[in-house]
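A.B. asks: Just one file: upload.tsv, with TSV, C-alpha atoms.
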```tsv
chain	number	residue	atom	x	y	z
G	1	MET	CA	17.73	4.49	-4.72
G	2	THR	CA	19.11	1.03	-5.42
G	3	VAL	CA	17.03	-1.69	-7.05
G	4	ASP	CA	16.58	-3.37	-3.66
G	5	GLU	CA	15.51	-0.07	-2.08
G	6	PHE	CA	13.06	0.47	-4.95
G	7	VAL	CA	11.50	-2.97	-4.48
G	8	SER	CA	11.38	-2.52	-0.69
G	9	ALA	CA	9.81	0.95	-0.87
G	10	LEU	CA	7.10	-0.33	-3.18
G	11	LYS	CA	6.47	-3.31	-0.91
G	12	ASN	CA	6.03	-0.92	2.02
G	13	ALA	CA	3.44	0.90	-0.07
G	14	GLY	CA	1.59	-2.35	-0.71
G	15	ILE	CA	2.96	-2.96	-4.22
G	16	GLN	CA	4.67	-6.34	-4.59
G	17	LEU	CA	6.82	-6.83	-7.70
G	18	THR	CA	7.53	-10.27	-9.14
G	19	GLU	CA	11.01	-11.30	-10.26
G	20	ASN	CA	9.88	-10.85	-13.85
G	21	GLN	CA	8.71	-7.29	-13.17
G	22	ILE	CA	12.00	-6.45	-11.44
G	23	GLN	CA	13.82	-7.75	-14.52
G	24	GLN	CA	11.59	-5.65	-16.78
G	25	PHE	CA	12.54	-2.51	-14.86
G	26	GLU	CA	16.21	-3.47	-15.27
G	27	GLN	CA	15.77	-3.95	-19.03
G	28	TYR	CA	13.92	-0.62	-19.25
G	29	PHE	CA	16.78	1.14	-17.46
G	30	ASP	CA	19.39	-0.42	-19.74
G	31	MET	CA	17.48	0.58	-22.87
G	32	LEU	CA	16.89	4.10	-21.55
G	33	VAL	CA	20.58	4.75	-20.90
G	34	THR	CA	21.76	3.08	-24.11
G	35	THR	CA	19.29	4.98	-26.32
G	36	ASN	CA	19.87	8.24	-24.45
G	37	ALA	CA	23.44	8.25	-25.77
G	38	HIS	CA	22.10	9.26	-29.18
G	39	VAL	CA	18.47	10.32	-28.58
G	40	ASN	CA	17.64	12.98	-25.99
G	41	LEU	CA	15.29	11.13	-23.64
G	42	THR	CA	16.30	12.29	-20.16
G	43	ALA	CA	18.89	14.33	-18.28
G	44	ILE	CA	18.70	11.77	-15.47
G	45	THR	CA	20.91	8.77	-16.24
G	46	GLU	CA	22.52	7.65	-12.95
G	47	LYS	CA	20.90	4.35	-12.01
G	48	LYS	CA	19.98	5.37	-8.47
G	49	ASP	CA	18.41	8.59	-9.79
G	50	VAL	CA	16.47	6.84	-12.57
G	51	TYR	CA	15.01	4.40	-10.07
G	52	LEU	CA	14.01	7.18	-7.68
G	53	LYS	CA	13.08	10.12	-9.92
G	54	HIS	CA	11.60	8.21	-12.84
G	55	PHE	CA	10.51	4.71	-11.80
G	56	TYR	CA	9.49	5.23	-8.18
G	57	ASP	CA	8.13	8.74	-8.75
G	58	SER	CA	5.98	7.48	-11.65
G	59	LEU	CA	4.38	4.86	-9.40
G	60	THR	CA	3.47	7.26	-6.58
G	61	VAL	CA	0.23	8.16	-8.38
G	62	ALA	CA	-0.95	4.58	-7.69
G	63	HIS	CA	-0.33	5.08	-3.98
G	64	TYR	CA	-3.15	7.65	-3.96
G	65	GLU	CA	-5.39	6.39	-6.76
G	66	LYS	CA	-5.33	2.76	-5.70
G	67	ALA	CA	-7.83	1.74	-8.39
G	68	LEU	CA	-4.90	1.82	-10.83
G	69	GLN	CA	-3.49	-1.24	-9.08
G	70	GLN	CA	-6.49	-3.47	-9.79
G	71	THR	CA	-8.14	-2.00	-12.86
G	72	THR	CA	-8.30	-3.23	-16.44
G	73	GLY	CA	-9.22	0.37	-17.24
G	74	THR	CA	-7.64	2.73	-19.74
G	75	LEU	CA	-5.03	5.41	-19.09
G	76	ILE	CA	-3.60	7.92	-21.56
G	77	ASP	CA	-0.21	9.53	-20.87
G	78	VAL	CA	0.15	12.82	-22.73
G	79	GLY	CA	3.66	13.93	-23.71
G	80	THR	CA	5.03	10.69	-22.35
G	81	GLY	CA	8.64	11.32	-23.43
G	82	ALA	CA	10.65	8.27	-22.39
G	83	GLY	CA	7.50	6.62	-21.02
G	84	PHE	CA	6.92	8.29	-17.68
G	85	PRO	CA	4.69	7.66	-15.79
G	86	SER	CA	2.83	5.17	-17.99
G	87	LEU	CA	5.46	2.47	-18.62
G	88	PRO	CA	6.37	2.00	-14.94
G	89	LEU	CA	2.63	1.82	-14.22
G	90	LYS	CA	2.18	-0.79	-16.95
G	91	ILE	CA	5.09	-2.90	-15.71
G	92	ALA	CA	3.83	-2.81	-12.11
G	93	PHE	CA	0.13	-3.24	-13.01
G	94	PRO	CA	-0.06	-5.33	-16.20
G	95	ASN	CA	-3.87	-5.25	-16.40
G	96	LEU	CA	-3.86	-1.48	-16.94
G	97	GLN	CA	-4.42	-0.58	-20.61
G	98	ILE	CA	-2.20	2.35	-21.56
G	99	THR	CA	-1.95	4.75	-24.47
G	100	MET	CA	1.17	6.91	-24.79
G	101	VAL	CA	1.22	10.11	-26.84
G	102	ASP	CA	4.37	11.87	-27.95
G	103	ALA	CA	5.14	14.34	-30.74
G	104	LEU	CA	8.71	13.18	-31.47
G	105	GLN	CA	9.16	10.16	-33.73
G	106	LYS	CA	12.51	9.19	-32.17
G	107	ARG	CA	10.87	8.87	-28.76
G	108	VAL	CA	7.99	6.90	-30.25
G	109	LYS	CA	10.50	4.46	-31.78
G	110	PHE	CA	12.19	4.04	-28.39
G	111	LEU	CA	8.86	3.36	-26.70
G	112	GLN	CA	7.97	0.77	-29.32
G	113	ASP	CA	11.32	-0.96	-28.79
G	114	VAL	CA	10.81	-1.05	-25.00
G	115	VAL	CA	7.28	-2.46	-25.30
G	116	THR	CA	8.49	-5.17	-27.70
G	117	THR	CA	11.59	-6.10	-25.67
G	118	LEU	CA	9.67	-6.27	-22.39
G	119	GLY	CA	6.84	-8.26	-23.96
G	120	LEU	CA	4.17	-5.80	-22.86
G	121	THR	CA	0.62	-6.09	-24.20
G	122	GLY	CA	-2.31	-3.70	-23.95
G	123	VAL	CA	-0.13	-0.75	-24.98
G	124	THR	CA	-0.88	1.76	-27.75
G	125	ILE	CA	1.68	4.36	-28.86
G	126	VAL	CA	0.44	7.41	-30.77
G	127	HIS	CA	2.74	9.80	-32.62
G	128	GLY	CA	1.32	13.33	-32.61
G	129	ARG	CA	0.40	16.41	-30.61
G	130	ALA	CA	-2.21	16.29	-27.88
G	131	GLU	CA	-4.02	19.27	-29.39
G	132	ASP	CA	-4.65	17.32	-32.61
G	133	ILE	CA	-5.29	13.87	-31.13
G	134	GLY	CA	-7.67	15.33	-28.54
G	135	GLN	CA	-10.04	16.27	-31.38
G	136	ASP	CA	-9.98	12.76	-32.87
G	137	PRO	CA	-13.21	10.85	-32.03
G	138	LYS	CA	-11.13	7.66	-31.70
G	139	TYR	CA	-9.46	9.11	-28.60
G	140	ARG	CA	-11.66	11.97	-27.40
G	141	GLU	CA	-13.41	11.24	-24.08
G	142	GLN	CA	-12.49	7.54	-24.34
G	143	PHE	CA	-10.25	7.08	-21.27
G	144	ASP	CA	-10.80	6.29	-17.60
G	145	TYR	CA	-7.64	8.19	-16.65
G	146	ALA	CA	-5.37	10.79	-18.20
G	147	THR	CA	-2.07	11.96	-16.81
G	148	ALA	CA	1.14	13.69	-17.78
G	149	ARG	CA	4.42	14.38	-16.06
G	150	ALA	CA	6.76	17.37	-16.46
G	151	VAL	CA	4.84	18.65	-19.49
G	152	ALA	CA	3.25	22.02	-18.57
G	153	ARG	CA	1.67	24.00	-15.76
G	154	THR	CA	-1.76	22.81	-14.66
G	155	SER	CA	-3.80	25.44	-16.55
G	156	VAL	CA	-2.20	24.29	-19.82
G	157	LEU	CA	-1.99	20.62	-18.92
G	158	ALA	CA	-5.73	20.48	-18.30
G	159	GLU	CA	-6.39	21.42	-21.93
G	160	TYR	CA	-4.00	18.72	-23.13
G	161	THR	CA	-5.54	15.98	-20.98
G	162	LEU	CA	-9.18	16.52	-19.95
G	163	PRO	CA	-10.54	16.23	-23.53
G	164	PHE	CA	-9.38	12.58	-23.47
G	165	VAL	CA	-11.19	11.69	-20.22
G	166	LYS	CA	-14.68	10.18	-20.29
G	167	ILE	CA	-17.34	11.55	-17.94
G	168	GLY	CA	-16.79	9.77	-14.64
G	169	GLY	CA	-13.07	9.41	-15.34
G	170	GLU	CA	-10.14	11.20	-13.74
G	171	PHE	CA	-7.31	13.57	-14.64
G	172	LEU	CA	-4.37	12.58	-12.42
G	173	VAL	CA	-2.09	15.56	-11.81
G	174	MET	CA	1.51	14.79	-10.78
G	175	LYS	CA	3.44	17.85	-9.65
G	176	GLY	CA	6.32	19.15	-7.56
G	177	SER	CA	6.39	21.98	-5.03
G	178	ALA	CA	4.55	24.49	-7.28
G	179	ALA	CA	1.45	22.28	-7.44
G	180	GLU	CA	-0.85	24.26	-5.16
G	181	GLN	CA	-0.20	27.59	-6.88
G	182	GLU	CA	-0.60	25.97	-10.30
G	183	LEU	CA	-3.88	24.42	-9.18
G	184	ALA	CA	-5.15	27.79	-7.95
G	185	ASP	CA	-4.18	29.41	-11.24
G	186	GLY	CA	-5.80	26.56	-13.17
G	187	GLN	CA	-9.24	26.56	-11.54
G	188	LYS	CA	-10.95	28.29	-14.47
G	189	ALA	CA	-9.33	25.90	-16.94
G	190	LEU	CA	-10.49	22.85	-14.98
G	191	ALA	CA	-14.06	24.15	-14.72
G	192	THR	CA	-14.18	25.16	-18.38
G	193	LEU	CA	-12.97	21.76	-19.54
G	194	GLY	CA	-15.33	19.74	-17.33
G	195	GLY	CA	-13.07	18.95	-14.37
G	196	GLN	CA	-13.38	19.41	-10.61
G	197	LEU	CA	-10.72	18.75	-7.98
G	198	ARG	CA	-11.65	15.87	-5.68
G	199	GLU	CA	-8.52	15.39	-3.58
G	200	SER	CA	-4.96	16.66	-3.27
G	201	PHE	CA	-2.17	14.70	-1.60
G	202	GLU	CA	1.19	16.09	-0.53
G	203	PHE	CA	4.08	13.73	0.16
G	204	THR	CA	7.86	13.45	-0.10
G	205	LEU	CA	10.05	11.10	-2.06
G	206	PRO	CA	12.66	9.13	-0.07
G	207	ASN	CA	15.21	11.87	-0.86
G	208	GLY	CA	12.96	14.56	0.66
G	209	ASP	CA	11.68	16.13	-2.57
G	210	THR	CA	8.10	17.41	-2.28
G	211	ARG	CA	5.47	15.91	-4.59
G	212	TYR	CA	1.73	16.25	-5.07
G	213	VAL	CA	-0.89	13.99	-6.60
G	214	GLN	CA	-4.16	15.78	-7.35
G	215	ILE	CA	-7.23	13.84	-8.48
G	216	VAL	CA	-9.57	15.77	-10.76
G	217	ASP	CA	-12.97	14.25	-11.58
G	218	LYS	CA	-14.37	14.70	-15.10
G	219	ASN	CA	-18.02	15.56	-14.44
G	220	LYS	CA	-19.16	17.11	-17.72
G	221	LYS	CA	-18.23	17.01	-21.38
G	222	THR	CA	-15.37	19.16	-22.66
G	223	PRO	CA	-16.64	21.87	-25.07
G	224	LYS	CA	-15.88	21.00	-28.70
G	225	LYS	CA	-13.54	23.96	-29.18
G	226	TYR	CA	-11.00	22.37	-26.80
G	227	PRO	CA	-8.23	21.49	-27.19
G	228	ARG	CA	-7.47	24.47	-29.39
G	229	GLN	CA	-5.01	24.23	-32.27
G	230	ALA	CA	-1.39	23.26	-31.60
G	231	GLY	CA	0.55	25.88	-29.67
G	232	THR	CA	-2.46	27.89	-28.52
G	233	PRO	CA	-2.95	26.33	-25.05
G	234	SER	CA	0.59	27.22	-23.97
G	235	LYS	CA	0.49	30.71	-25.51
G	236	LYS	CA	-3.03	31.59	-24.28
G	237	PRO	CA	-3.92	29.44	-21.26
G	238	ILE	CA	-7.56	29.37	-20.22
G	239	GLY	CA	-8.07	31.90	-17.46
```
Would you mind writing the file's structure down as structure tokens?

C.D. replies:
Amino acid sequence: MTVDEFVSALKNAGIQLTENQIQQFEQYFDMLVTTNAHVNLTAITEKKDVYLKHFYDSLTVAHYEKALQQTTGTLIDVGTGAGFPSLPLKIAFPNLQITMVDALQKRVKFLQDVVTTLGLTGVTIVHGRAEDIGQDPKYREQFDYATARAVARTSVLAEYTLPFVKIGGEFLVMKGSAAEQELADGQKALATLGGQLRESFEFTLPNGDTRYVQIVDKNKKTPKKYPRQAGTPSKKPIG
């Protein structure tokens, strides 16, 4: 996907980028590739692949939860890595307030550099593990939206994310072809943690890859015992 194809595909989806936003995506790409030479951020480095599989893919969640496009609400991105999906969302929708969580200091430093270089505001970067931060009253059940991308299967991901979501908020699940099976396996985890599936959308990227966006409503408080201590959710998933 070229830059022009990226801009055109978003326009067709009702998302119009300004020249400044297009330039911010270009700067982000340059910083990603340059930093990736000495810090492991991504295995995807070809420009056309970054624009399709990172930038465009990150923004697909806003095709299906359109409130992200207008809101001044809060979104937390758990295990954000090189900033996906939250930084593309922030560039495209500047009013969105984002918090990015990552456990590796080198990635946190990269994210801070990108935010500074691009002149982004309304961004918080937190160094730590979701299991620990999810028990912190400063962050627990404080967000309108929580999401994560390429972090864990749904039954585990729910424990990393739902404790951050306020009642009435949403857990936005972004998955590939295994999404439906993961959702089925994760039903007990969602219910235990206060979530309930509202809608599931299946679509394909321009290259034909299958993707899903699943919207999970947070309708009751997460029990205090969750998230459990670091490492436990992945070793002993709920259900």

A.B. asks: Given the point (8.2, 14.0, -0.4) in the file's coordinates, find the residues that have an atom at most 12 Å from it, counting only C-alpha atoms, and give them as a list in words.

C.D. replies: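 It turns out the residues near that spot are Leu52, Lys53, Tyr56, Asp57, Thr60, Lys175, Gly176, Ser177, Phe201, Glu202, Phe203, Thr204, Leu205, Pro206, Asn207, Gly208, Asp209, Thr210, Arg211, Tyr212 and Val213 of chain G.
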
A.B. asks: Go ahead and dump the residues you just picked, C-alpha atoms, as a PDB file, in the frame of the given file.

C.D. replies:
```pdb
ATOM      1  CA  LEU G  52      14.010   7.180  -7.680  1.00  0.00           C
ATOM      2  CA  LYS G  53      13.080  10.120  -9.920  1.00  0.00           C
ATOM      3  CA  TYR G  56       9.490   5.230  -8.180  1.00  0.00           C
ATOM      4  CA  ASP G  57       8.130   8.740  -8.750  1.00  0.00           C
ATOM      5  CA  THR G  60       3.470   7.260  -6.580  1.00  0.00           C
ATOM      6  CA  LYS G 175       3.440  17.850  -9.650  1.00  0.00           C
ATOM      7  CA  GLY G 176       6.320  19.150  -7.560  1.00  0.00           C
ATOM      8  CA  SER G 177       6.390  21.980  -5.030  1.00  0.00           C
ATOM      9  CA  PHE G 201      -2.170  14.700  -1.600  1.00  0.00           C
ATOM     10  CA  GLU G 202       1.190  16.090  -0.530  1.00  0.00           C
ATOM     11  CA  PHE G 203       4.080  13.730   0.160  1.00  0.00           C
ATOM     12  CA  THR G 204       7.860  13.450  -0.100  1.00  0.00           C
ATOM     13  CA  LEU G 205      10.050  11.100  -2.060  1.00  0.00           C
ATOM     14  CA  PRO G 206      12.660   9.130  -0.070  1.00  0.00           C
ATOM     15  CA  ASN G 207      15.210  11.870  -0.860  1.00  0.00           C
ATOM     16  CA  GLY G 208      12.960  14.560   0.660  1.00  0.00           C
ATOM     17  CA  ASP G 209      11.680  16.130  -2.570  1.00  0.00           C
ATOM     18  CA  THR G 210       8.100  17.410  -2.280  1.00  0.00           C
ATOM     19  CA  ARG G 211       5.470  15.910  -4.590  1.00  0.00           C
ATOM     20  CA  TYR G 212       1.730  16.250  -5.070  1.00  0.00           C
ATOM     21  CA  VAL G 213      -0.890  13.990  -6.600  1.00  0.00           C
TER      22      VAL G 213
END
```

A.B. asks: Please measure the separation of CA of Met174 (chain G) and CA of Gly239 (chain G), giving the value in Å to one decimal.

C.D. replies: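 Distance reported for this atom pair: 20.7 Å.
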
A.B. asks: Sorted by chain and rising residue number, which residues of region 123-148 of chain G lie within 12 Å of region 92-96 of chain G, and what are their closest atom pairs and distances in Å to one decimal, counting only C-alpha atoms, as CSV?

C.D. replies:
```
residue,atom,partner,partner_atom,distance
G:Val123,CA,G:Leu96,CA,8.9
G:Thr124,CA,G:Leu96,CA,11.7
G:Phe143,CA,G:Leu96,CA,11.5
G:Asp144,CA,G:Leu96,CA,10.4
G:Tyr145,CA,G:Leu96,CA,10.4
```

A.B. asks: Distance CA of Pro233 (chain G)-CA of Val156 (chain G), one decimal place?

C.D. replies: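 CA of Val156 (chain G) lies 5.7 Å from CA of Pro233 (chain G).
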
A.B. asks: Given 4 Å on each side, where is the centre and what are the edge lengths in Å to one decimal of the axis-aligned box enclosing the listed atoms of region 114-118 of chain G, as JSON?

C.D. replies:
```
{"center_x": 9.4, "center_y": -3.7, "center_z": -25.0, "size_x": 12.3, "size_y": 13.2, "size_z": 13.3}
```

A.B. asks: What is the distance, in Å and to one decimal place, between CA of Thr35 (chain G) and CA of Lys106 (chain G)?

C.D. replies: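 CA of Lys106 (chain G) lies at a distance of 9.9 Å from CA of Thr35 (chain G).
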
A.B. asks: Between G:Lys11, G:Arg153, G:Arg198, G:Lys109, which residue has the minimum interatomic distance to His127 (chain G), considering all atoms listed in the file?

C.D. replies: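 Among the listed residues, G:Lys109 lies closest to His127 (chain G).
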
A.B. asks: Could you check which of G:Val216, G:Leu68, G:Ile125, G:Ala184 is closest to Leu162 (chain G), using only C-alpha atoms?

C.D. replies: G:Val216

A.B. asks: Which one is closest to Gly169 (chain G): G:Arg140, G:Lys236, G:Lys218, G:Arg129? Count only C-alpha atoms.

C.D. replies: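 Of the candidates, the smallest distance to Gly169 (chain G) is held by G:Lys218.
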
A.B. asks: Just the residues within 10 Å of Lys224 (chain G), please, counting all atoms listed in the file, with nothing from its chain fewer than 6 positions along; format it as a compact mmCIF listing (two decimals) with C-alpha atoms, in the coordinates of the input.

C.D. replies:
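Output file selection.txt is given in full below:
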```
# COMPACT_ATOMS: atom_id res chain seq x y z
CA GLY G 134 -7.67 15.33 -28.54
CA GLN G 135 -10.04 16.27 -31.38
CA PRO G 163 -10.54 16.23 -23.53
CA LEU G 193 -12.97 21.76 -19.54
```

A.B. asks: Hey, which of G:Val50, G:Gly119, G:Leu183, G:Tyr64 ends up closest to Gln23 (chain G)? Count all atoms listed in the file.

C.D. replies: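 Smallest distance to Gln23 (chain G) is found for G:Gly119.
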
A.B. asks: Would you list the contacts of region 82-89 of chain G as a list in words, taking every protein, DNA or RNA residue within 9 Å and counting all atoms listed in the file, but skipping same-chain residues closer than 6 positions in sequence?

C.D. replies: Phe25, Leu32, Leu41, Thr42, His54, Phe55, Tyr56, Asp57, Ser58, Leu59, Val61, Ala62, Leu68, Gln69, Leu75, Ile76, Leu96, Ile98, Thr99, Met100, Arg107, Val108, Phe110, Leu111, Val115, Thr147, Ala148 and Arg149 of chain G

A.B. asks: Choose the residue, out of G:Glu131, G:Glu159, G:Asp30, G:Asp113, that has the smallest atom-to-atom separation from Gln229 (chain G); count only C-alpha atoms.

C.D. replies: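 Looking at the shortest contact to Gln229 (chain G), the residue is G:Glu131.
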
A.B. asks: Restricting the calculation to all atoms listed in the file: of G:Leu190, G:Ile91, G:Val39, G:Met1, which residue gets closest to Glu19 (chain G)?

C.D. replies: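 Under the stated criterion, the closest residue is G:Ile91.
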